[in-house]
Amino acid sequence: MWLMVIIYMGTVSCSHPAKSTEEPDISPTLQVMETVSQSYDWVPPADGFDFPLGPPDGKGYYNAQPFGRNFHLGDDLNGIGGGNTDLGDTIYSIATGRVFFAEDIGGGWGNVVRVAHNIGDSLTPQWVEALYAHMDTVVIANGALLHRGQALGTIGTAGGTYLAHLHLEIRTQMGMPIGGGYSDQTEGFVSPSEFIRERRE
Ligand SMILES: [Zn+2]
C-alpha cells in the first residue's frame, strides 16, 4: 500500500518527490520515478498501443532486424522502399506516455527519446518504457505528455552511422542504463512488435 502512496505523492508534487525513511528496499522502478519526477507529473494509463511508423498497424514498413535476432534488444523498423527512402519519415508515439529523456547521445545511438507508459491504472500504475533511437529530428521536449499517435520526430541515421531506420525497444524495467542495443541478457526487454500487436485497440 505504501508503494502506491509514494508513487502518488512523488508524481503529483513535482518539487518534493516523496522519500521513505523506513523502507530502504526501494524498487528500481520507484527510484526512476523519483529521479524523473521533476518532469513527471502524471501519466494517464495507456489506452492501447499503435506502431510508431505507419500507424496504427505499421503499413509501409517492415522489421529488418527483429528482437532476439543477433541478440538484438529491439526492432529495426524500415520503410519498404529500402535504403534511405524512409529518412525523415515521421515517428509517432506508440501510446499515451511521458517523455523522461530526449537527447542526442552520439555514438551508435544518436538522438534518443525515452517514454514512460503506464499500462496499469491511475492508482496502481505499471510501467513500461519505449526507447526510440537514431532519430534525425526530435520535435518533443523532455517532460512532455504524449498522446498516442503524436509526432515525436523523424527517422534518422544516428549521424550517418547507419542506413535510416528506427531502433525501437520496449523495456519492462523502466530507466535501465541505455546499454548497447545487443545482449544475450534480455531481462527487462520484450519484443516491441509482439508487445504492440498484443495491445492494438
Ligand atoms: Zn537496432
# chains A, B, ... in the order shown; residues from 1 in each chain; ligands from 1
$ residues_near_ligand --ligand "ligand 1" --cutoff "10 Å" --atoms "only C-alpha atoms and all ligand atoms" --output "VMD selection string"
chain A and resid 63 to 67 72 to 77 108 to 109 132 to 134 162 165 to 169 180 to 182
$ write_last_selection --atoms "N, CA and C atoms" --output "PDB file, in the first residue's frame"
ATOM      1  N   ASN A  63      10.170  -4.976 -40.447  1.00  0.00           N
ATOM      2  CA  ASN A  63      11.108  -5.145 -39.330  1.00  0.00           C
ATOM      3  C   ASN A  63      12.362  -5.836 -39.865  1.00  0.00           C
ATOM      4  N   ALA A  64      13.429  -5.064 -40.069  1.00  0.00           N
ATOM      5  CA  ALA A  64      14.624  -5.602 -40.719  1.00  0.00           C
ATOM      6  C   ALA A  64      15.467  -6.443 -39.775  1.00  0.00           C
ATOM      7  N   GLN A  65      15.372  -6.175 -38.490  1.00  0.00           N
ATOM      8  CA  GLN A  65      16.132  -6.969 -37.514  1.00  0.00           C
ATOM      9  C   GLN A  65      15.297  -7.110 -36.245  1.00  0.00           C
ATOM     10  N   PRO A  66      14.478  -8.165 -36.195  1.00  0.00           N
ATOM     11  CA  PRO A  66      13.565  -8.324 -35.059  1.00  0.00           C
ATOM     12  C   PRO A  66      14.312  -8.558 -33.751  1.00  0.00           C
ATOM     13  N   PHE A  67      13.587  -8.298 -32.680  1.00  0.00           N
ATOM     14  CA  PHE A  67      14.062  -8.580 -31.326  1.00  0.00           C
ATOM     15  C   PHE A  67      14.554 -10.024 -31.249  1.00  0.00           C
ATOM     16  N   HIS A  72      19.738  -8.872 -30.704  1.00  0.00           N
ATOM     17  CA  HIS A  72      19.190  -7.521 -30.785  1.00  0.00           C
ATOM     18  C   HIS A  72      18.151  -7.311 -29.697  1.00  0.00           C
ATOM     19  N   LEU A  73      18.235  -6.195 -29.009  1.00  0.00           N
ATOM     20  CA  LEU A  73      17.317  -5.924 -27.899  1.00  0.00           C
ATOM     21  C   LEU A  73      16.093  -5.125 -28.327  1.00  0.00           C
ATOM     22  N   GLY A  74      16.011  -4.814 -29.612  1.00  0.00           N
ATOM     23  CA  GLY A  74      14.852  -4.065 -30.104  1.00  0.00           C
ATOM     24  C   GLY A  74      14.452  -4.548 -31.477  1.00  0.00           C
ATOM     25  N   ASP A  75      13.629  -3.743 -32.141  1.00  0.00           N
ATOM     26  CA  ASP A  75      13.270  -3.979 -33.540  1.00  0.00           C
ATOM     27  C   ASP A  75      13.871  -2.854 -34.373  1.00  0.00           C
ATOM     28  N   ASP A  76      14.320  -3.165 -35.587  1.00  0.00           N
ATOM     29  CA  ASP A  76      14.766  -2.136 -36.528  1.00  0.00           C
ATOM     30  C   ASP A  76      13.701  -1.974 -37.601  1.00  0.00           C
ATOM     31  N   LEU A  77      12.966  -0.890 -37.512  1.00  0.00           N
ATOM     32  CA  LEU A  77      11.833  -0.671 -38.404  1.00  0.00           C
ATOM     33  C   LEU A  77      12.271   0.213 -39.567  1.00  0.00           C
ATOM     34  N   GLY A 108      26.701   5.166 -31.408  1.00  0.00           N
ATOM     35  CA  GLY A 108      25.795   4.351 -32.192  1.00  0.00           C
ATOM     36  C   GLY A 108      24.336   4.627 -31.911  1.00  0.00           C
ATOM     37  N   TRP A 109      24.065   5.591 -31.033  1.00  0.00           N
ATOM     38  CA  TRP A 109      22.686   5.848 -30.638  1.00  0.00           C
ATOM     39  C   TRP A 109      22.080   7.074 -31.325  1.00  0.00           C
ATOM     40  N   TYR A 132      13.228   5.106 -28.422  1.00  0.00           N
ATOM     41  CA  TYR A 132      13.340   5.365 -29.859  1.00  0.00           C
ATOM     42  C   TYR A 132      14.741   5.904 -30.125  1.00  0.00           C
ATOM     43  N   ALA A 133      15.449   5.332 -31.103  1.00  0.00           N
ATOM     44  CA  ALA A 133      16.834   5.764 -31.317  1.00  0.00           C
ATOM     45  C   ALA A 133      17.152   6.041 -32.779  1.00  0.00           C
ATOM     46  N   HIS A 134      18.276   6.714 -32.971  1.00  0.00           N
ATOM     47  CA  HIS A 134      18.868   7.117 -34.265  1.00  0.00           C
ATOM     48  C   HIS A 134      18.071   8.225 -34.951  1.00  0.00           C
ATOM     49  N   TYR A 162      24.260   4.665 -39.881  1.00  0.00           N
ATOM     50  CA  TYR A 162      23.509   3.561 -40.491  1.00  0.00           C
ATOM     51  C   TYR A 162      22.698   4.082 -41.664  1.00  0.00           C
ATOM     52  N   HIS A 165      16.790   4.101 -40.226  1.00  0.00           N
ATOM     53  CA  HIS A 165      15.798   3.196 -39.641  1.00  0.00           C
ATOM     54  C   HIS A 165      15.499   3.653 -38.224  1.00  0.00           C
ATOM     55  N   LEU A 166      14.424   3.111 -37.671  1.00  0.00           N
ATOM     56  CA  LEU A 166      14.088   3.365 -36.271  1.00  0.00           C
ATOM     57  C   LEU A 166      14.447   2.138 -35.447  1.00  0.00           C
ATOM     58  N   HIS A 167      15.331   2.325 -34.481  1.00  0.00           N
ATOM     59  CA  HIS A 167      15.588   1.276 -33.487  1.00  0.00           C
ATOM     60  C   HIS A 167      14.626   1.531 -32.332  1.00  0.00           C
ATOM     61  N   LEU A 168      13.738   0.564 -32.099  1.00  0.00           N
ATOM     62  CA  LEU A 168      12.714   0.698 -31.062  1.00  0.00           C
ATOM     63  C   LEU A 168      12.890  -0.400 -30.035  1.00  0.00           C
ATOM     64  N   GLU A 169      12.956  -0.025 -28.762  1.00  0.00           N
ATOM     65  CA  GLU A 169      12.991  -1.015 -27.676  1.00  0.00           C
ATOM     66  C   GLU A 169      11.768  -0.818 -26.785  1.00  0.00           C
ATOM     67  N   GLY A 180      23.843  -1.301 -24.932  1.00  0.00           N
ATOM     68  CA  GLY A 180      24.449  -1.327 -26.253  1.00  0.00           C
ATOM     69  C   GLY A 180      23.544  -1.759 -27.375  1.00  0.00           C
ATOM     70  N   GLY A 181      22.276  -2.001 -27.085  1.00  0.00           N
ATOM     71  CA  GLY A 181      21.341  -2.391 -28.134  1.00  0.00           C
ATOM     72  C   GLY A 181      21.364  -3.875 -28.483  1.00  0.00           C
ATOM     73  N   TYR A 182      22.412  -4.572 -28.031  1.00  0.00           N
ATOM     74  CA  TYR A 182      22.540  -6.013 -28.271  1.00  0.00           C
ATOM     75  C   TYR A 182      23.014  -6.655 -26.974  1.00  0.00           C
TER      76      TYR A 182
END
$ residues_around --residues "Ala95 (chain A)" --least-positions-apart "4" --cutoff "9 Å" --atoms "only C-alpha atoms" --output "list in words"
Ala46, Asp47, Gly48, Phe49, Asp50, Phe51, Pro52, His117, Leu146, His147, Arg148, Gly149 and Gln150 of chain A
$ atom_distance --atom1 "CA of Ile170 (chain A)" --atom2 "CA of Asn84 (chain A)"
24.3 Å
$ closest_residue --among "A:Ala130, A:Ile178, A:Met135, A:Leu163" --to "Ser191 (chain A)" --atoms "only C-alpha atoms"
A:Ala130
$ closest_residue --among "A:Phe100, A:Ala151, A:Arg200, A:Pro192" --to "Gly175 (chain A)" --atoms "only C-alpha atoms"
A:Phe100
$ closest_residue --among "A:Gln185, A:Asn111, A:Gln126, A:Thr137" --to "Ala158 (chain A)" --atoms "only C-alpha atoms"
A:Asn111
$ select_by_dssp --residues "region 14-191 of chain A" --states "helix (DSSP H, G or I)" --output "short mmCIF file (atom, residue, chain, number, x, y, z; two decimals) with C-alpha atoms, in the first residue's frame"
data_model
loop_
_atom_site.label_atom_id
_atom_site.label_comp_id
_atom_site.auth_asym_id
_atom_site.auth_seq_id
_atom_site.Cartn_x
_atom_site.Cartn_y
_atom_site.Cartn_z
CA PRO A 28 14.36 0.33 -9.41
CA THR A 29 11.12 1.49 -10.89
CA LEU A 30 10.40 3.68 -7.90
CA GLN A 31 13.93 5.07 -7.95
CA VAL A 32 13.38 6.04 -11.55
CA MET A 33 10.06 7.58 -10.66
CA GLU A 34 11.74 9.76 -8.06
CA THR A 35 14.65 10.65 -10.31
CA SER A 37 9.65 13.21 -11.04
CA GLN A 38 10.53 16.84 -11.77
CA SER A 39 9.40 16.37 -15.33
CA ARG A 69 18.00 -11.87 -33.87
CA ASN A 70 21.78 -11.41 -33.40
CA PHE A 71 21.00 -10.70 -29.71
#
$ closest_residue --among "A:Trp127, A:Arg199, A:Gly153, A:Asn118" --to "Thr172 (chain A)" --atoms "only C-alpha atoms"
A:Trp127
$ atom_distance --atom1 "CA of Ile119 (chain A)" --atom2 "CA of Phe195 (chain A)"
11.5 Å
$ closest_residue --among "A:Thr124, A:Thr157, A:Thr85, A:Ser183" --to "Gly110 (chain A)" --atoms "only C-alpha atoms"
A:Thr157
